[in-house]
>>> print(open('input_33.txt').read())   # compact mmCIF, C-alpha atoms
# COMPACT_ATOMS: atom_id res chain seq x y z
CA MET A 1 58.25 101.45 19.29
CA PRO A 2 55.27 101.64 21.55
CA ASP A 3 54.88 104.67 23.75
CA ASP A 4 54.98 102.46 26.84
CA PHE A 5 58.71 101.99 26.57
CA GLU A 6 61.48 104.53 26.69
CA SER A 7 64.13 104.51 24.05
CA VAL A 8 67.65 103.81 25.23
CA LEU A 9 69.23 105.88 22.47
CA GLY A 10 71.35 108.69 23.86
CA LYS A 11 71.05 107.39 27.41
CA ARG A 12 74.05 107.26 29.64
CA GLY A 13 74.88 104.17 31.58
CA ARG A 14 77.58 102.40 33.52
CA ILE A 15 79.68 99.61 32.06
CA SER A 16 79.06 96.62 34.34
CA VAL A 17 81.17 94.16 32.36
CA ALA A 18 84.27 95.53 30.67
CA ILE A 19 84.11 95.68 26.88
CA PRO A 20 87.31 94.48 25.22
CA ALA A 21 88.43 95.80 21.83
CA ALA A 22 86.82 93.05 19.80
CA GLY A 23 84.42 91.73 22.40
CA VAL A 24 81.23 92.17 24.24
CA GLY A 25 80.35 93.58 27.62
CA GLN A 26 77.38 94.89 29.48
CA ILE A 27 75.99 98.30 30.31
CA ILE A 28 73.38 99.15 32.94
CA ILE A 29 71.01 101.93 31.95
CA ALA A 30 68.30 103.64 33.94
CA LEU A 31 65.11 102.93 32.00
CA ASN A 32 61.35 103.03 32.57
CA GLY A 33 61.81 104.00 36.17
CA GLY A 34 64.06 101.02 36.78
CA SER A 35 67.41 99.92 35.48
CA GLU A 36 68.19 97.34 32.90
CA ALA A 37 71.30 95.64 31.63
CA PHE A 38 72.01 95.60 27.92
CA THR A 39 74.55 93.65 25.94
CA ALA A 40 77.00 96.27 24.81
CA TYR A 41 79.50 96.53 22.00
CA CYS A 42 81.93 99.33 21.51
CA LEU A 43 81.77 101.57 18.48
CA GLY A 44 84.92 101.62 16.40
CA GLY A 45 86.97 99.04 18.29
CA GLU A 46 87.10 101.11 21.46
CA GLU A 47 87.84 99.52 24.80
CA LEU A 48 85.84 100.35 27.89
CA ALA A 49 86.83 99.32 31.38
CA MET A 50 84.43 98.28 34.09
CA ASN A 51 82.51 100.98 35.96
CA VAL A 52 83.11 103.78 33.45
CA ALA A 53 80.30 105.84 31.96
CA ALA A 54 79.17 105.32 28.38
CA VAL A 55 76.52 106.64 26.07
CA VAL A 56 74.26 104.48 23.90
CA VAL A 57 74.70 105.52 20.31
CA GLU A 58 72.87 102.75 18.52
CA GLN A 59 70.44 99.97 19.28
CA THR A 60 70.71 96.87 17.14
CA GLY A 61 68.37 94.59 19.05
CA PRO A 62 65.92 94.75 21.94
CA ARG A 63 68.75 94.00 24.39
CA THR A 64 71.80 94.94 22.33
CA VAL A 65 73.35 98.38 22.02
CA PHE A 66 76.48 100.06 20.73
CA VAL A 67 78.10 102.44 23.19
CA THR A 68 80.92 104.88 23.24
CA GLY A 69 82.89 106.24 26.13
CA CYS A 70 82.34 109.75 27.39
CA MET B 13 35.47 93.88 34.55
CA PHE B 14 33.30 95.15 31.80
CA PHE B 15 35.96 94.22 29.33
CA TYR B 16 38.50 96.39 31.01
CA GLN B 17 41.71 94.42 31.54
CA ILE B 18 44.61 95.49 33.77
CA PRO B 19 47.93 93.56 33.80
CA ALA B 20 49.72 93.01 37.10
CA PRO B 21 53.04 94.83 37.53
CA ASN B 22 54.93 91.66 36.63
CA GLU B 23 52.74 90.83 33.68
CA ALA B 24 52.38 91.91 30.14
CA LEU B 25 48.93 92.04 28.55
CA LEU B 26 48.99 90.67 25.05
CA ILE B 27 46.00 91.58 22.93
CA SER B 28 45.65 89.86 19.63
CA GLY B 29 43.09 90.75 17.01
CA SER B 30 44.62 93.92 15.88
CA LYS B 31 48.09 94.93 14.85
CA GLY B 32 50.20 96.66 17.32
CA GLU B 33 52.27 99.72 16.89
CA GLY B 34 55.28 99.59 14.66
CA GLY B 35 54.04 96.60 12.74
CA ALA B 36 53.77 94.33 15.76
CA LEU B 37 51.65 91.24 15.40
CA PHE B 38 49.68 92.09 18.51
CA ARG B 39 49.37 94.81 21.05
CA VAL B 40 51.51 94.70 24.15
CA VAL B 41 50.22 96.55 27.18
CA THR B 42 52.21 96.82 30.42
CA GLY B 43 51.56 98.77 33.53
CA LYS B 44 48.15 100.14 32.57
CA GLY B 45 44.63 98.89 31.78
CA THR B 46 42.81 98.76 28.49
CA PHE B 47 39.42 97.69 27.15
CA VAL B 48 39.45 94.32 25.56
CA PHE B 49 36.30 93.48 23.63
CA PRO B 50 35.93 89.71 23.31
CA TRP B 51 34.07 89.86 20.07
CA LYS B 52 37.01 91.40 18.32
CA SER B 53 40.11 90.78 20.50
CA LYS B 54 41.74 88.13 22.62
CA ALA B 55 43.74 88.97 25.73
CA ARG B 56 46.48 86.83 27.24
CA PHE B 57 48.96 87.47 30.06
CA LEU B 58 52.70 86.77 29.93
CA SER B 59 54.56 86.65 33.21
CA LEU B 60 57.63 88.83 33.36
CA ASP B 61 58.78 87.12 36.54
CA LEU B 62 62.27 85.93 37.21
CA ARG B 63 62.89 82.33 36.28
CA GLN B 64 65.84 80.20 37.10
CA ALA B 65 67.58 77.21 35.61
CA GLN B 66 69.93 74.83 37.36
CA ILE B 67 72.81 73.49 35.28
CA ASN B 68 75.02 70.55 36.18
CA GLU B 69 77.31 69.79 33.33
CA PRO B 70 80.64 68.05 32.82
CA CYS B 71 82.91 70.50 31.01
CA VAL B 72 86.43 70.38 29.65
CA THR B 73 88.71 73.32 30.28
CA SER B 74 91.22 74.76 27.82
CA GLN B 75 93.86 72.69 29.64
CA GLY B 76 91.90 69.51 28.89
CA LEU B 77 90.78 68.99 32.46
CA THR B 78 87.34 67.59 33.00
CA LEU B 79 85.30 69.46 35.56
CA THR B 80 81.74 68.95 36.62
CA VAL B 81 80.36 72.45 36.91
CA GLN B 82 77.21 73.31 38.76
CA ALA B 83 75.78 76.71 37.78
CA ILE B 84 72.59 78.68 38.21
CA ALA B 85 71.11 80.98 35.60
CA VAL B 86 68.54 83.62 36.45
CA PHE B 87 66.62 85.22 33.58
CA LYS B 88 63.42 86.91 32.69
CA VAL B 89 61.47 88.15 29.73
CA GLY B 90 62.81 91.48 28.66
CA ASN B 91 60.88 94.55 29.70
CA ASP B 92 60.65 95.99 26.24
CA SER B 93 57.89 95.19 23.77
CA GLN B 94 60.22 93.47 21.33
CA SER B 95 61.41 91.03 23.97
CA ILE B 96 57.84 90.47 25.13
CA ILE B 97 56.70 89.78 21.56
CA ASN B 98 59.67 87.45 20.95
CA ALA B 99 58.99 85.55 24.14
CA ALA B 100 55.22 85.44 23.66
CA THR B 101 55.49 84.01 20.20
CA ARG B 102 57.85 81.29 21.46
CA PHE B 103 56.57 79.99 24.73
CA LEU B 104 53.35 81.67 25.79
CA ASP B 105 51.72 78.30 26.31
CA GLN B 106 54.92 76.55 27.49
CA GLN B 107 55.95 78.93 30.22
CA ASP B 108 56.52 76.07 32.70
CA GLN B 109 59.04 74.45 30.41
CA VAL B 110 61.08 77.56 29.82
CA PRO B 111 63.61 76.97 32.63
CA GLN B 112 64.29 73.44 31.50
CA THR B 113 64.76 74.48 27.90
CA ILE B 114 66.91 77.44 28.77
CA GLY B 115 68.92 75.27 31.13
CA ARG B 116 69.80 72.92 28.34
CA VAL B 117 70.76 75.80 26.08
CA LEU B 118 72.89 77.39 28.75
CA ALA B 119 74.56 74.09 29.53
CA GLY B 120 75.85 74.05 26.01
CA HIS B 121 77.01 77.63 26.40
CA LEU B 122 78.69 76.70 29.63
CA ARG B 123 80.65 73.97 27.90
CA SER B 124 81.94 76.43 25.33
CA ILE B 125 82.66 79.02 27.98
CA ILE B 126 84.62 76.59 30.14
CA GLY B 127 86.40 75.31 27.04
CA ASN B 128 87.80 78.80 26.48
CA MET B 129 89.09 79.17 30.00
CA THR B 130 91.57 77.64 32.36
CA VAL B 131 90.73 76.44 35.83
CA GLU B 132 92.61 79.41 37.28
CA ASP B 133 90.51 81.79 35.14
CA ILE B 134 87.28 80.15 36.20
CA ILE B 135 88.24 80.53 39.83
CA THR B 136 89.75 84.02 39.73
CA ASN B 137 88.89 85.88 36.52
CA ARG B 138 85.36 86.99 37.10
CA THR B 139 85.38 89.59 34.32
CA LYS B 140 86.42 87.06 31.70
CA LEU B 141 83.75 84.64 32.84
CA ALA B 142 81.06 87.34 32.60
CA GLN B 143 82.27 88.41 29.18
CA GLN B 144 82.27 84.83 27.99
CA VAL B 145 78.77 84.25 29.32
CA ILE B 146 77.45 87.35 27.59
CA ALA B 147 79.28 86.66 24.36
CA ALA B 148 78.06 83.10 24.23
CA SER B 149 74.44 83.51 25.27
CA SER B 150 73.22 87.03 24.65
CA ASP B 151 72.29 86.62 21.00
CA GLU B 152 70.24 83.48 21.55
CA MET B 153 68.62 84.82 24.67
CA GLU B 154 67.74 88.01 22.89
CA THR B 155 66.14 86.09 20.06
CA MET B 156 63.98 84.31 22.63
CA GLY B 157 63.07 87.62 24.24
CA LEU B 158 64.93 86.72 27.40
CA LYS B 159 67.47 88.61 29.42
CA LEU B 160 70.05 86.76 31.51
CA ASP B 161 70.15 88.60 34.80
CA ALA B 162 72.69 86.40 36.55
CA PHE B 163 74.80 83.43 35.71
CA GLN B 164 76.87 82.03 38.52
CA ILE B 165 79.05 78.98 38.88
CA GLN B 166 78.16 77.43 42.21
CA GLU B 167 80.42 74.44 42.42
CA ILE B 168 83.24 72.79 40.52
CA ALA B 169 83.80 69.09 41.05
CA ASP B 170 87.38 68.28 40.20
CA SER B 171 87.93 64.55 39.79
CA ALA B 172 91.65 65.07 38.99
CA HIS B 173 92.13 67.08 42.19
CA TYR B 174 93.66 69.85 40.11
CA ILE B 175 92.25 72.63 42.26
CA GLU B 176 93.52 70.88 45.34
CA ALA B 177 96.95 70.72 43.70
CA ILE B 178 96.78 74.43 42.85
CA SER B 179 96.01 75.21 46.41
CA SER B 180 98.53 72.85 47.96
CA PRO B 181 101.62 75.08 47.56
CA HIS B 182 99.75 77.91 49.17
CA VAL B 183 98.36 75.59 51.82
CA SER B 184 101.84 74.23 52.43
CA ALA B 185 103.28 77.73 52.60
CA VAL B 186 100.58 78.80 55.00
CA GLN B 187 101.10 75.68 57.10
CA ARG B 188 104.85 76.25 56.99
CA ASP B 189 104.40 79.85 58.09
CA ALA B 190 102.02 78.72 60.77
CA ARG B 191 104.50 76.13 62.03
CA ILE B 192 107.35 78.63 61.86
CA ALA B 193 105.27 81.15 63.73
CA ALA B 194 104.30 78.54 66.29
CA ALA B 195 107.93 77.43 66.67
CA ALA B 196 109.10 81.01 66.97
CA ALA B 197 106.42 81.66 69.53
CA ASP B 198 107.44 78.50 71.40
CA GLN B 199 111.07 79.52 71.22
CA ALA B 200 110.34 83.01 72.44
CA ALA B 201 108.18 81.61 75.21
CA ALA B 202 110.90 79.14 76.18
CA GLU B 203 113.49 81.90 76.14
CA LYS B 204 111.33 84.07 78.32
CA GLU B 205 110.64 81.16 80.63
CA ASN B 206 114.33 80.39 80.93
CA GLU B 207 115.13 84.04 81.46
CA ALA B 208 112.49 84.14 84.14
CA LYS B 209 113.91 80.97 85.72
CA ALA B 210 117.40 82.43 85.57
CA ALA B 211 116.16 85.63 87.11
CA VAL B 212 114.38 83.67 89.84
CA ALA B 213 117.53 81.64 90.44
CA GLY B 214 119.54 84.84 90.58
CA PHE B 215 117.14 86.38 93.07
CA THR B 216 117.13 83.19 95.12
CA LYS B 217 120.92 83.14 95.10
CA ASP B 218 121.12 86.80 96.10
CA SER B 219 118.57 86.22 98.80
CA GLU B 220 120.38 83.17 100.15
CA VAL B 221 123.73 84.93 99.98
CA ALA B 222 122.28 87.86 101.86
CA GLN B 223 120.74 85.51 104.41
CA ALA B 224 124.03 83.64 104.78
CA GLN B 225 125.92 86.89 105.19
CA ALA B 226 123.45 88.06 107.77
CA GLN B 227 123.69 84.68 109.50
CA ALA B 228 127.48 84.88 109.39
CA ALA B 229 127.40 88.35 110.86
CA VAL B 230 125.06 87.12 113.57
CA GLU B 231 127.31 84.11 114.24
CA ALA B 232 130.37 86.33 114.29
CA ALA B 233 128.74 88.71 116.69
CA ARG B 234 127.56 85.80 118.82
CA ALA B 235 131.03 84.22 118.81
CA GLU B 236 132.59 87.55 119.59
CA THR B 237 130.17 88.01 122.41
CA SER B 238 130.78 84.50 123.71
CA GLN B 239 134.53 85.00 123.45
CA ALA B 240 134.45 88.41 125.03
CA GLY B 241 134.98 87.04 128.54
CA PRO B 242 137.92 84.78 127.68
CA LEU B 243 139.28 87.48 125.41
CA ALA B 244 139.19 90.05 128.13
CA GLN B 245 140.81 87.52 130.45
CA ALA B 246 143.44 86.78 127.84
CA ILE B 247 144.06 90.47 127.29
CA ALA B 248 144.37 90.99 131.01
CA THR B 249 146.71 88.01 131.25
CA GLN B 250 148.68 89.37 128.36
CA LYS B 251 148.99 92.72 130.07
CA VAL B 252 150.05 91.03 133.29
CA THR B 253 152.63 89.07 131.35
CA GLU B 254 153.82 92.21 129.67
CA GLU B 255 154.13 93.94 133.02
CA GLN B 256 155.96 90.92 134.37
CA ALA B 257 158.27 91.09 131.40
CA VAL B 258 158.87 94.73 132.10
CA LEU B 259 159.50 93.91 135.73
CA ALA B 260 161.90 91.16 134.77
CA ALA B 261 163.67 93.56 132.47
CA LYS B 262 163.94 96.05 135.27
CA GLN B 263 165.26 93.35 137.58
CA ALA B 264 167.74 92.31 134.95
CA GLU B 265 168.83 95.91 134.60
CA LEU B 266 169.18 96.14 138.32
CA ARG B 267 171.15 92.93 138.45
CA GLU B 268 173.32 94.13 135.63
CA ALA B 269 173.92 97.37 137.43
CA GLN B 270 174.75 95.44 140.55
CA LEU B 271 177.10 93.22 138.64
CA GLN B 272 178.53 96.29 137.02
CA SER B 273 179.26 97.83 140.32
CA GLU B 274 180.27 94.65 142.14
CA VAL B 275 182.23 92.84 139.51
CA GLN B 276 182.91 94.95 136.51
CA LYS B 277 184.16 98.00 138.23
CA PRO B 278 186.54 96.14 140.55
CA ALA B 279 187.62 94.02 137.68
CA ASP B 280 188.19 97.11 135.66
CA ALA B 281 190.10 98.63 138.50
CA LYS B 282 192.09 95.45 138.90
CA ALA B 283 192.65 95.32 135.22
CA TYR B 284 193.66 98.91 135.23
CA GLU B 285 195.98 98.29 138.14
CA ILE B 286 197.44 95.29 136.45
CA ARG B 287 197.71 97.16 133.23
CA THR B 288 199.27 100.10 134.95
CA LEU B 289 201.63 97.89 136.86
CA ALA B 290 202.42 96.04 133.75
CA GLN B 291 202.99 99.32 132.03
CA ALA B 292 205.19 100.44 134.81
CA ASP B 293 206.98 97.14 134.75
CA LYS B 294 207.27 97.41 131.07
CA GLU B 295 208.63 100.89 131.36
CA ALA B 296 210.92 99.79 134.12
CA ASN B 297 212.07 96.85 132.11
CA ILE B 298 212.51 99.04 129.13
CA ALA B 299 214.48 101.43 131.19
CA ARG B 300 216.40 98.54 132.67
CA ALA B 301 216.95 97.10 129.33
CA GLU B 302 218.09 100.45 128.16
CA GLY B 303 220.34 100.67 131.11
CA LEU B 304 221.75 97.25 130.39
CA ALA B 305 221.90 98.05 126.81
CA GLY B 306 225.09 99.97 127.33
CA GLN B 307 227.01 97.81 129.82
CA ASN B 308 225.40 95.45 132.26
CA LEU B 309 226.90 97.42 135.01
CA GLU B 310 224.66 96.87 137.86
CA SER B 311 224.57 93.18 137.36
CA ILE B 312 228.20 93.10 137.19
CA LEU B 313 228.30 95.20 140.27
CA ALA B 314 226.06 92.88 142.10
CA ASN B 315 228.08 89.91 141.02
CA ARG B 316 231.21 91.65 142.08
CA MET B 317 229.57 92.39 145.42
CA VAL B 318 228.81 88.73 145.90
CA ASP B 319 232.27 87.78 144.88
CA LEU B 320 233.85 90.34 147.09
CA MET B 321 231.62 89.78 150.06
CA PRO B 322 234.08 87.62 151.99
CA GLU B 323 236.78 90.21 151.59
CA ILE B 324 234.38 92.95 152.54
CA THR B 325 233.36 91.09 155.55
CA LYS B 326 236.95 90.43 156.40
CA ALA B 327 237.80 94.10 156.05
CA LEU B 328 234.83 95.02 158.25
CA ALA B 329 235.83 92.49 160.76
CA SER B 330 239.35 93.75 160.79
CA GLY B 331 238.00 97.24 161.31
CA LEU B 332 235.96 96.08 164.23
CA ASN B 333 238.79 94.04 165.48
CA GLY B 334 240.87 97.10 165.71
CA ALA B 335 238.15 99.12 167.51
CA ASN B 336 237.76 96.62 170.30
CA LEU B 337 234.10 96.47 170.03
CA THR B 338 232.07 95.69 173.05
CA VAL B 339 228.39 95.08 172.77
CA LEU B 340 226.73 96.57 175.80
CA ASN B 341 223.23 97.15 174.72
CA GLY B 342 222.20 93.48 174.45
CA ALA B 343 219.96 92.88 171.44
CA GLU B 344 219.80 96.56 170.79
CA GLY B 345 223.52 96.71 170.94
CA ILE B 346 223.73 94.16 168.16
CA THR B 347 221.26 96.05 166.09
CA ASP B 348 223.24 99.19 166.51
CA LEU B 349 226.23 97.31 165.48
CA PHE B 350 224.57 96.21 162.26
CA THR B 351 223.38 99.71 161.67
CA GLN B 352 226.79 100.95 162.04
CA ILE B 353 228.05 98.29 159.72
CA LEU B 354 225.53 99.17 157.17
CA SER B 355 226.26 102.83 157.56
CA GLN B 356 229.63 101.92 156.60
CA GLY B 357 228.26 100.44 153.41
CA LYS B 358 229.19 103.59 151.61
CA THR B 359 232.60 103.06 152.80
CA VAL B 360 232.48 99.44 151.75
CA PHE B 361 231.23 100.38 148.38
CA GLU B 362 234.02 102.90 147.99
CA ALA B 363 236.38 100.24 148.92
CA VAL B 364 234.97 97.86 146.35
CA ARG B 365 235.22 100.54 143.73
CA ALA B 366 238.76 101.18 144.65
CA THR B 367 239.65 97.56 144.15
CA THR B 368 238.10 97.46 140.77
CA PRO B 369 239.54 100.50 139.05
CA LYS B 370 238.71 99.24 135.54
CA LEU B 371 235.07 99.46 136.14
CA VAL B 372 234.98 103.00 137.42
CA ASP B 373 237.17 104.39 134.68
CA GLY B 374 234.27 105.21 132.39
CA PRO B 375 232.90 108.62 133.16
CA ASP B 376 229.34 107.66 131.91
CA THR B 377 229.16 104.72 134.21
CA THR B 378 229.90 106.85 137.21
CA LYS B 379 227.27 109.35 136.34
CA GLN B 380 224.59 106.75 135.73
CA SER B 381 225.21 104.69 138.79
CA SER B 382 225.32 107.57 141.22
CA PRO B 383 221.57 108.45 141.14
CA SER B 384 220.54 104.81 141.71
>>> encode(input="input_33.txt", output="structure tokens")
Amino acid sequence: MPDDFESVLGKRGRISVAIPAAGVGQIIIALNGGSEAFTAYCLGGEELAMNVAAVVVEQTGPRTVFVTGC
Amino acid sequence: MFFYQIPAPNEALLISGSKGEGGALFRVVTGKGTFVFPWKSKARFLSLDLRQAQINEPCVTSQGLTLTVQAIAVFKVGNDSQSIINAATRFLDQQDQVPQTIGRVLAGHLRSIIGNMTVEDIITNRTKLAQQVIAASSDEMETMGLKLDAFQIQEIADSAHYIEAISSPHVSAVQRDARIAAAAADQAAAEKENEAKAAVAGFTKDSEVAQAQAQAAVEAARAETSQAGPLAQAIATQKVTEEQAVLAAKQAELREAQLQSEVQKPADAKAYEIRTLAQADKEANIARAEGLAGQNLESILANRMVDLMPEITKALASGLNGANLTVLNGAEGITDLFTQILSQGKTVFEAVRATTPKLVDGPDTTKQSSPS
């Protein structure tokens, strides 16, 4: 990863689209002085409702992360 | 200038000619400047601006309804170096065509998204729509180095009028409620109006009654006033009549008293006299009857006197004959003579008794006859 870009690993964000048990949602994370939305999956079949906080535990693609509730 | 290149805030500077960090095919520089030496490197700019694609696609819902959905997708190249590299390698020289291409891709996604949903979900279930959009498009978009910032359905054309039908019960209910409310309001207003009219009528009636009563009182007073003169006259006449009646009564009393004194009293006296006389007569008769009750002596005596009268007269005459009577005193002399004769009655009577010895035998008869 280039130095220009912050890593999202370990960052906290807000679930902007609820993540169902076997589905996909979206998390908004403060990044590079702005905020960006990432496609988010839950780790271990967890469910996350809208507007709850979550932590990024893994990044599988440039715009795709795994999160877990906190 | 002087080989120093600075990307704009919405641009990424792509420098080819040397490997980038982390095994990248080229260097990606954002937000800061760097020297680019033309003899060994080539610099290009990739816009990170927002782009938009308009979608107008006939879709079939999970219920089999055909809808023509108009949507707008807003996207941009991702801010991270991976996304920038992905995007740069795909459409650095075709940046103008990106919206069109992405629009076509998203139209296909939209068909699959709508196919998983019902009309009701599309209209009301925003979370499901967003999830479906992300699930359907995020992998492809990510591969192209793009990030879908917004995806909104703008319009749904419903040739079967399904949405209209969904809304009609609610519309009908709302219209019904509106009509009920209007009717209730009308009714309440009518009630109030009628109450007000009734109240006005009541007030008018009260007012007119009061006026009529006042008028009647005035009329009564006026009539009384107008009749006062005749009334007083009538009262005076009545009093005069009463006094006249009293006078007449007094006169009647007087007359009665006069009659009492002039007629009644004498009549009473007369009646008393008659009654007394009658009483006396009655007593006398009773006594007489009692006297006769024993033996009808006196009657018999009287009858005997009548029978014997010629003899008595003869005896008297013989007595006178013997005495040589001379009447000297004229009329008086005759009167004296009769007096003398009568004075001899006793003697005559004795003589009669002597000739009727049977009658004088009873001792009671003698006693009773002597006082009479």
>>> closest_residue(input="input_33.txt", among="A:Gly10, A:Gly25, A:Pro20, A:Gly34", to="chain B", atoms="all atoms listed in the file")
A:Gly25
>>> residues_around(input="input_33.txt", residues="Ala30 of chain A", least_positions_apart="2", cutoff="9 Å", atoms="only C-alpha atoms", output="VMD selection string")
chain A and resid 8 11 to 13 28 32 to 37
>>> interface_residues(input="input_33.txt", of="chain A", to="chain B", cutoff="9 Å", atoms="all atoms listed in the file", output="PDB file with C-alpha atoms, keeping the file's coordinate frame")
ATOM      1  CA  MET A   1      58.250 101.450  19.290  1.00  0.00           C
ATOM      2  CA  PRO A   2      55.270 101.640  21.550  1.00  0.00           C
ATOM      3  CA  ASP A   3      54.880 104.670  23.750  1.00  0.00           C
ATOM      4  CA  ASP A   4      54.980 102.460  26.840  1.00  0.00           C
ATOM      5  CA  PHE A   5      58.710 101.990  26.570  1.00  0.00           C
ATOM      6  CA  GLU A   6      61.480 104.530  26.690  1.00  0.00           C
ATOM      7  CA  VAL A  17      81.170  94.160  32.360  1.00  0.00           C
ATOM      8  CA  ALA A  18      84.270  95.530  30.670  1.00  0.00           C
ATOM      9  CA  ILE A  19      84.110  95.680  26.880  1.00  0.00           C
ATOM     10  CA  PRO A  20      87.310  94.480  25.220  1.00  0.00           C
ATOM     11  CA  GLY A  23      84.420  91.730  22.400  1.00  0.00           C
ATOM     12  CA  VAL A  24      81.230  92.170  24.240  1.00  0.00           C
ATOM     13  CA  GLY A  25      80.350  93.580  27.620  1.00  0.00           C
ATOM     14  CA  GLN A  26      77.380  94.890  29.480  1.00  0.00           C
ATOM     15  CA  ASN A  32      61.350 103.030  32.570  1.00  0.00           C
ATOM     16  CA  GLU A  36      68.190  97.340  32.900  1.00  0.00           C
ATOM     17  CA  ALA A  37      71.300  95.640  31.630  1.00  0.00           C
ATOM     18  CA  PHE A  38      72.010  95.600  27.920  1.00  0.00           C
ATOM     19  CA  THR A  39      74.550  93.650  25.940  1.00  0.00           C
ATOM     20  CA  MET A  50      84.430  98.280  34.090  1.00  0.00           C
ATOM     21  CA  GLY A  61      68.370  94.590  19.050  1.00  0.00           C
ATOM     22  CA  PRO A  62      65.920  94.750  21.940  1.00  0.00           C
ATOM     23  CA  ARG A  63      68.750  94.000  24.390  1.00  0.00           C
ATOM     24  CA  THR A  64      71.800  94.940  22.330  1.00  0.00           C
TER      25      THR A  64
END
>>> residues_around(input="input_33.txt", residues="Asn22 of chain B", least_positions_apart="2", cutoff="7 Å", atoms="only C-alpha atoms", output="PyMOL selection string")
chain B and resi 20+24+59-61
>>> atom_distance(input="input_33.txt", atom1="atom CA of Ser74 of chain B", atom2="atom CA of Leu122 of chain B")
12.8 Å
>>> build_atoms(input="input_33.txt", residues="segment 134-146 of chain B", atoms="N, CA, C and O atoms", output="JSON list (two decimals), in the coordinates of the input")
[["chain", "number", "residue", "atom", "x", "y", "z"],
["B", 134, "ILE", "N", 88.63, 80.40, 35.68],
["B", 134, "ILE", "CA", 87.28, 80.15, 36.20],
["B", 134, "ILE", "C", 87.19, 80.58, 37.66],
["B", 134, "ILE", "O", 86.21, 81.17, 38.10],
["B", 135, "ILE", "N", 88.27, 80.25, 38.39],
["B", 135, "ILE", "CA", 88.24, 80.53, 39.83],
["B", 135, "ILE", "C", 88.43, 82.02, 40.09],
["B", 135, "ILE", "O", 87.76, 82.59, 40.95],
["B", 136, "THR", "N", 89.35, 82.66, 39.33],
["B", 136, "THR", "CA", 89.75, 84.02, 39.73],
["B", 136, "THR", "C", 89.28, 85.10, 38.77],
["B", 136, "THR", "O", 89.07, 86.23, 39.20],
["B", 137, "ASN", "N", 89.11, 84.79, 37.49],
["B", 137, "ASN", "CA", 88.89, 85.88, 36.52],
["B", 137, "ASN", "C", 87.39, 86.05, 36.26],
["B", 137, "ASN", "O", 86.82, 85.53, 35.30],
["B", 138, "ARG", "N", 86.80, 86.81, 37.15],
["B", 138, "ARG", "CA", 85.36, 86.99, 37.10],
["B", 138, "ARG", "C", 84.93, 87.77, 35.86],
["B", 138, "ARG", "O", 83.90, 87.46, 35.23],
["B", 139, "THR", "N", 85.73, 88.77, 35.48],
["B", 139, "THR", "CA", 85.38, 89.59, 34.32],
["B", 139, "THR", "C", 85.37, 88.74, 33.05],
["B", 139, "THR", "O", 84.44, 88.83, 32.24],
["B", 140, "LYS", "N", 86.35, 87.88, 32.91],
["B", 140, "LYS", "CA", 86.42, 87.06, 31.70],
["B", 140, "LYS", "C", 85.24, 86.10, 31.63],
["B", 140, "LYS", "O", 84.64, 85.88, 30.57],
["B", 141, "LEU", "N", 84.89, 85.55, 32.81],
["B", 141, "LEU", "CA", 83.75, 84.64, 32.84],
["B", 141, "LEU", "C", 82.48, 85.36, 32.41],
["B", 141, "LEU", "O", 81.70, 84.85, 31.59],
["B", 142, "ALA", "N", 82.27, 86.58, 32.95],
["B", 142, "ALA", "CA", 81.06, 87.34, 32.60],
["B", 142, "ALA", "C", 81.04, 87.68, 31.12],
["B", 142, "ALA", "O", 79.99, 87.56, 30.45],
["B", 143, "GLN", "N", 82.18, 88.08, 30.60],
["B", 143, "GLN", "CA", 82.27, 88.41, 29.18],
["B", 143, "GLN", "C", 81.95, 87.19, 28.32],
["B", 143, "GLN", "O", 81.20, 87.27, 27.34],
["B", 144, "GLN", "N", 82.51, 86.05, 28.74],
["B", 144, "GLN", "CA", 82.27, 84.83, 27.99],
["B", 144, "GLN", "C", 80.79, 84.44, 28.02],
["B", 144, "GLN", "O", 80.21, 84.01, 27.01],
["B", 145, "VAL", "N", 80.19, 84.60, 29.18],
["B", 145, "VAL", "CA", 78.77, 84.25, 29.32],
["B", 145, "VAL", "C", 77.93, 85.13, 28.40],
["B", 145, "VAL", "O", 77.07, 84.66, 27.64],
["B", 146, "ILE", "N", 78.23, 86.43, 28.42],
["B", 146, "ILE", "CA", 77.45, 87.35, 27.59],
["B", 146, "ILE", "C", 77.67, 87.04, 26.11],
["B", 146, "ILE", "O", 76.73, 86.94, 25.31]]
